[in-house]
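One file, my_file_5.txt, is given below (compact mmCIF, C-alpha atoms).
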```
# COMPACT_ATOMS: atom_id res chain seq x y z
CA MET U 10 13.20 -8.12 1.70
CA GLY U 11 10.92 -5.07 1.46
CA LEU U 12 11.92 -1.51 0.72
CA LEU U 13 11.46 -0.57 4.37
CA ASP U 14 12.87 -3.57 6.22
CA SER U 15 15.50 -1.37 7.85
CA PHE U 16 12.74 0.82 9.25
CA GLU U 17 11.07 -2.25 10.70
CA ARG U 18 14.28 -2.90 12.61
CA GLY U 19 13.85 0.43 14.36
CA LEU U 20 15.60 2.89 12.03
CA ASP U 21 14.31 6.44 12.44
CA ARG U 22 16.31 8.89 10.34
CA ALA U 23 14.39 12.18 10.35
CA VAL U 24 17.03 14.95 10.50
CA ASN U 25 17.30 18.73 10.39
CA GLY U 26 16.34 20.41 7.08
CA ALA U 27 19.44 22.53 6.65
CA PHE U 28 21.64 19.51 7.34
CA ALA U 29 19.85 17.50 4.67
CA LYS U 30 20.18 20.22 2.04
CA THR U 31 23.91 20.31 2.65
CA PHE U 32 24.74 16.63 2.95
CA ARG U 33 21.93 14.68 1.28
CA SER U 34 21.07 14.34 -2.39
CA GLY U 35 17.52 13.06 -2.02
CA ILE U 36 14.82 11.35 0.00
CA GLN U 37 14.98 7.63 0.80
CA PRO U 38 11.87 5.43 1.28
CA VAL U 39 12.70 4.85 4.94
CA GLU U 40 12.62 8.61 5.52
CA ILE U 41 9.09 8.85 4.16
CA ALA U 42 8.04 6.07 6.53
CA SER U 43 9.66 7.88 9.45
CA ALA U 44 7.87 11.11 8.56
CA LEU U 45 4.48 9.38 8.40
CA ARG U 46 5.03 7.73 11.76
CA ALA U 47 5.96 11.08 13.29
CA GLU U 48 2.86 12.69 11.74
CA LEU U 49 0.61 10.15 13.45
CA ASP U 50 2.35 10.69 16.77
CA LYS U 51 2.08 14.48 16.50
CA LYS U 52 -1.59 14.55 15.50
CA ALA U 53 -2.81 11.85 17.92
CA VAL U 54 -5.86 13.05 19.88
CA VAL U 55 -7.26 11.28 22.93
CA VAL U 56 -11.00 10.99 22.29
CA THR U 57 -11.90 8.62 25.11
CA ARG U 58 -9.96 6.52 27.55
CA GLU U 59 -10.02 3.64 25.06
CA ARG U 60 -9.65 5.62 21.81
CA ILE U 61 -6.79 7.71 20.45
CA LEU U 62 -7.69 9.14 17.04
CA VAL U 63 -5.06 9.85 14.36
CA PRO U 64 -5.35 11.15 10.77
CA ASN U 65 -6.21 8.57 8.14
CA ALA U 66 -5.68 10.73 5.01
CA LEU U 67 -1.94 11.28 4.52
CA THR U 68 -0.31 13.15 1.64
CA VAL U 69 3.47 13.12 1.17
CA ARG U 70 4.74 16.06 -0.88
CA LEU U 71 8.11 15.65 -2.60
CA SER U 72 10.32 17.76 -4.82
CA PRO U 73 10.14 16.93 -8.55
CA ALA U 74 13.54 15.17 -8.37
CA ASP U 75 12.58 13.06 -5.35
CA ASP U 76 9.14 12.27 -6.77
CA GLU U 77 10.73 10.96 -9.96
CA LYS U 78 13.08 8.80 -7.90
CA MET U 79 10.25 7.36 -5.80
CA SER U 80 8.08 6.66 -8.86
CA ALA U 81 10.58 3.96 -9.86
CA PHE U 82 9.27 1.82 -6.98
CA GLY U 83 5.74 1.84 -8.43
CA SER U 84 2.86 0.76 -6.18
CA THR U 85 5.20 -1.25 -3.96
CA LEU U 86 6.28 1.82 -2.00
CA VAL U 87 2.75 2.99 -1.14
CA SER U 88 1.76 -0.57 -0.24
CA GLU U 89 4.67 -0.91 2.22
CA LEU U 90 4.03 2.56 3.66
CA ASP U 91 0.41 1.59 4.28
CA THR U 92 1.51 -1.61 6.04
CA LEU U 93 3.92 0.27 8.31
CA VAL U 94 1.39 2.99 9.16
CA GLN U 95 -1.14 0.29 10.14
CA GLN U 96 1.47 -1.54 12.21
CA HIS U 97 2.54 1.64 14.02
CA ALA U 98 -1.10 2.48 14.79
CA ARG U 99 -1.69 -0.98 16.27
CA THR U 100 1.48 -0.77 18.36
CA GLN U 101 0.53 2.65 19.77
CA GLY U 102 -3.16 1.85 20.22
CA TYR U 103 -4.27 4.44 17.65
CA SER U 104 -7.64 4.41 15.86
CA PHE U 105 -8.61 5.69 12.40
CA ALA U 106 -11.96 7.30 11.57
CA GLY U 107 -12.00 5.59 8.17
CA PRO U 108 -9.79 3.69 5.73
CA VAL U 109 -6.19 4.85 5.51
CA THR U 110 -5.20 6.59 2.28
CA ILE U 111 -1.60 7.48 1.47
CA SER U 112 -0.67 9.50 -1.60
CA ILE U 113 2.62 10.82 -2.88
CA GLU U 114 2.44 14.10 -4.78
CA ARG U 115 4.96 16.26 -6.62
CA ASP U 116 5.36 19.77 -5.22
CA SER U 117 7.78 22.25 -6.80
CA SER U 118 7.83 24.31 -3.60
CA VAL U 119 9.53 21.45 -1.72
CA SER U 120 13.34 21.32 -1.89
CA THR U 121 15.21 18.19 -2.94
CA GLY U 122 16.10 16.18 0.15
CA THR U 123 13.08 17.39 2.14
CA LEU U 124 9.45 16.37 2.30
CA ARG U 125 6.20 17.70 3.69
CA VAL U 126 3.36 15.65 5.17
CA ASP U 127 -0.21 16.97 5.08
CA SER U 128 -2.84 15.04 7.00
CA GLY U 129 -6.51 15.10 7.82
CA THR U 130 -9.39 12.88 8.84
CA THR U 131 -11.84 11.44 6.33
CA GLU U 132 -15.02 9.85 7.61
CA GLY U 133 -17.20 7.61 5.53
CA GLN U 134 -18.34 4.10 4.83
CA VAL U 135 -15.75 1.55 3.83
CA SER U 136 -15.82 -0.43 0.62
CA TRP U 137 -13.44 -3.23 -0.26
CA ARG U 138 -11.48 -3.47 -3.50
CA GLY U 139 -9.71 -6.57 -4.76
CA VAL U 140 -6.29 -6.15 -6.38
CA VAL U 141 -3.36 -8.34 -7.40
CA ASP U 142 0.29 -7.35 -7.14
CA ILE U 143 2.49 -8.78 -9.91
CA ASN U 144 6.16 -7.88 -10.33
CA GLY U 145 5.78 -4.57 -8.51
CA THR U 146 2.62 -3.51 -10.38
CA ARG U 147 -0.84 -3.39 -8.80
CA HIS U 148 -3.79 -4.45 -10.95
CA PRO U 149 -7.35 -3.76 -9.73
CA LEU U 150 -9.87 -6.58 -10.21
CA VAL U 151 -12.49 -4.59 -12.10
CA LYS U 152 -14.34 -7.65 -13.44
CA ALA U 153 -16.01 -10.59 -11.71
CA ARG U 154 -13.67 -12.89 -13.67
CA THR U 155 -10.05 -11.90 -14.38
CA VAL U 156 -7.89 -14.17 -16.54
CA ILE U 157 -4.10 -14.08 -16.11
CA GLY U 158 -1.57 -15.62 -18.52
CA ARG U 159 1.03 -14.88 -21.17
CA GLY U 160 -1.46 -14.53 -24.03
CA SER U 161 -2.47 -11.12 -25.36
CA ASP U 162 -6.11 -12.14 -24.93
CA ALA U 163 -5.71 -12.53 -21.15
CA ASP U 164 -7.04 -9.72 -18.96
CA ILE U 165 -3.61 -9.42 -17.34
CA THR U 166 -0.71 -10.46 -19.58
CA ILE U 167 2.58 -11.54 -17.98
CA PRO U 168 5.88 -12.10 -19.87
CA ASP U 169 6.56 -15.56 -18.46
CA ALA U 170 7.25 -18.41 -20.89
CA GLY U 171 6.49 -20.90 -18.10
CA THR U 172 2.83 -19.90 -18.05
CA SER U 173 0.01 -20.85 -20.40
CA ARG U 174 -1.76 -18.30 -22.60
CA LYS U 175 -4.75 -18.39 -20.27
CA HIS U 176 -3.24 -19.89 -17.15
CA VAL U 177 -5.41 -18.96 -14.19
CA GLU U 178 -8.48 -16.91 -13.35
CA ILE U 179 -9.51 -15.01 -10.23
CA LEU U 180 -13.18 -14.71 -9.36
CA TRP U 181 -14.09 -11.71 -7.17
CA ASP U 182 -17.62 -10.70 -6.11
CA GLY U 183 -16.67 -7.71 -3.96
CA GLU U 184 -16.51 -9.75 -0.76
CA ARG U 185 -14.91 -13.11 -1.49
CA ALA U 186 -12.44 -14.45 -4.04
CA MET U 187 -11.57 -17.76 -5.67
CA VAL U 188 -8.65 -18.90 -7.82
CA ARG U 189 -9.10 -21.45 -10.61
CA ASP U 190 -6.49 -23.09 -12.84
CA LEU U 191 -7.58 -23.05 -16.50
CA GLY U 192 -6.03 -26.37 -17.51
CA SER U 193 -2.52 -24.93 -17.64
CA THR U 194 0.49 -27.00 -18.64
CA ASN U 195 2.59 -26.36 -15.52
CA GLY U 196 -0.17 -25.98 -12.95
CA THR U 197 -0.95 -23.43 -10.25
CA THR U 198 0.06 -23.28 -6.59
CA LEU U 199 -1.60 -21.34 -3.79
CA ASN U 200 0.69 -20.57 -0.84
CA GLY U 201 2.93 -23.43 -1.96
CA ARG U 202 0.14 -26.01 -2.44
CA LYS U 203 -0.91 -27.15 -5.90
CA VAL U 204 -4.57 -26.38 -6.59
CA SER U 205 -7.06 -26.61 -9.42
CA GLU U 206 -9.64 -24.46 -7.63
CA ALA U 207 -9.64 -22.94 -4.16
CA ALA U 208 -10.92 -20.10 -2.01
CA LEU U 209 -8.55 -17.12 -2.08
CA PRO U 210 -8.03 -15.38 1.28
CA PRO U 211 -6.50 -11.86 1.35
CA ASP U 212 -2.68 -11.72 1.13
CA SER U 213 -2.48 -15.19 -0.46
CA LYS U 214 0.29 -15.92 -3.00
CA ILE U 215 -0.53 -17.62 -6.29
CA SER U 216 2.46 -18.97 -8.23
CA ILE U 217 2.34 -19.72 -11.96
CA GLY U 218 5.53 -20.44 -13.87
CA ARG U 219 8.17 -18.14 -12.38
CA THR U 220 5.63 -15.47 -11.47
CA ASP U 221 4.13 -14.76 -8.04
CA ILE U 222 0.73 -13.10 -7.81
CA VAL U 223 -0.34 -11.67 -4.45
CA PHE U 224 -4.06 -11.12 -3.92
CA ARG U 225 -4.97 -8.26 -1.59
CA VAL U 226 -8.13 -6.55 -0.38
CA ILE U 227 -7.77 -2.83 0.25
CA ALA U 228 -10.17 -0.40 1.91
CA GLN U 229 -11.62 2.64 0.18
CA ALA U 230 -13.90 5.37 1.42
CA GLN U 231 -17.38 5.91 0.00
CA THR U 232 -19.18 9.26 0.07
CA ALA U 233 -16.48 10.63 2.29
CA ARG U 234 -16.49 13.90 4.20
CA ARG U 235 -13.05 15.38 4.62
CA SER U 236 -12.20 17.54 7.58
CA THR U 237 -9.97 20.57 7.33
CA PRO U 238 -6.35 19.45 7.69
CA SER U 239 -4.40 20.83 10.60
CA ASP U 240 -2.76 24.16 9.85
CA ALA U 241 0.56 22.80 11.06
CA THR U 242 2.53 20.53 8.76
CA GLN U 243 5.88 18.92 9.33
CA LEU U 244 8.99 19.33 7.22
CA PHE U 245 11.41 16.43 7.32
CA ASP U 246 14.71 15.60 5.77
CA VAL U 247 15.66 12.63 5.49
CA ARG U 248 -7.25 -1.17 3.30
CA ASP U 249 -7.14 -1.42 10.71
CA ARG U 250 -8.46 -3.74 8.01
CA GLY U 251 -9.56 -7.12 9.26
CA PRO U 252 -10.00 -10.30 7.20
CA LEU U 253 -13.12 -10.76 5.13
CA SER U 254 -15.85 -12.65 6.92
```
Whole structure given in structure tokens:
Amino acid sequence: MGLLDSFERGLDRAVNGAFAKTFRSGIQPVEIASALRAELDKKAVVVTRERILVPNALTVRLSPADDEKMSAFGSTLVSELDTLVQQHARTQGYSFAGPVTISIERDSSVSTGTLRVDSGTTEGQVSWRGVVDINGTRHPLVKARTVIGRGSDADITIPDAGTSRKHVEILWDGERAMVRDLGSTNGTTLNGRKVSEAALPPDSKISIGRTDIVFRVIAQAQTARRSTPSDATQLFDVRDRGPLS
């Protein structure tokens, strides 16, 4: 289950700031998700009859104590927040001017148990970046050929005795990806099916030994122009991307 499954079931726990300072010891992931959803709802602007524009650049500001707590989740938290923001936008019929970016920043002016969301609109061309998520850590695919295995000479080394030193490789040309087993002892599966070589669609799961590798394609802005964020921000207590063609 994900960090924010309870939010997916309809939990919305944004509460009054003074109450939180008195009764809460820190921010929970579901409260960040709730704040982001509320930020989209507040800043939604009807552009045409068919288009409701919402901010696509979202910055969550946390107290030092809460930021340290959230950092323990690694890239998993931002990934799940991005998924929920995209889902909420689809449900409400919202549109983004460019790729969605979510960042979490430490701010000493924010009290423990509260958070602030700043938002704006960034326009620009979209580029696609291939990444793999392994054991809660996101690894960008910076080379055309990325080798994964337990050996120190692999591009991505994993501490799994059930994998070969150079177990599998991912080929990525900026648009399409392929997975290839490198003659491993225990083999490679793609979405539960054993493969020696296969096309790799976004959000596919590669399994080697006891390790799952999820391939994703995320959107990034190129030569972006950022608008001035709204003067109003909200205080809370508490890469739509289509498939590659």
Residue among U:Ser216, U:Asn65, U:Ser43, U:Thr155 lying closest to U:Thr130, counting only C-alpha atoms
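Residue with the minimum atom-to-atom distance to U:Thr130: U:Asn65.
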One decimal, Å: what's the distance from atom CA of U:Ile41 over to atom CA of U:Tyr103, could you say?
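Atom CA of U:Ile41 sits 19.5 Å away from atom CA of U:Tyr103.
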Kindly indicate which residue among U:Gly183, U:Pro211, U:Gly129, U:Gly145 lies nearest to U:Val87, using only C-alpha atoms for the distances.
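Of all the options, U:Gly145 lies closest to U:Val87.
Residues near the point (3.3, -20.4, -12.8), at a distance of 10 Å or less over only C-alpha atoms, make up Gly158, Asp169, Ala170, Gly171, Thr172, Ser173, His176, Val177, Ser193, Thr194, Asn195, Gly196, Thr197, Thr198, Ile215, Ser216, Ile217, Gly218, Arg219, Thr220, Asp221 and Ile222 of chain U.
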When you count all atoms listed in the file, which of these residues is closest to U:Val54: U:Leu124, U:Ala106, U:Val156, U:Val69?
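Using all atoms listed in the file, the shortest distance to U:Val54 belongs to U:Ala106.
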Box along x, y and z, 5 Å on every side, all listed atoms of stretch 116-131 of chain U inside: centre and edge lengths in Å to one decimal, as JSON.
```
{"center_x": 2.1, "center_y": 17.9, "center_z": 1.0, "size_x": 37.9, "size_y": 22.9, "size_z": 25.6}
```
Residues near U:Ala66, anyone? I mean within 8 Å using all atoms listed in the file, not counting same-chain ones fewer than 5 positions away, as number ranges by chain.
U: 109-111, 128-131
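Separating atom CA of U:Pro210 from atom CA of U:Leu86 is a distance of 22.6 Å.
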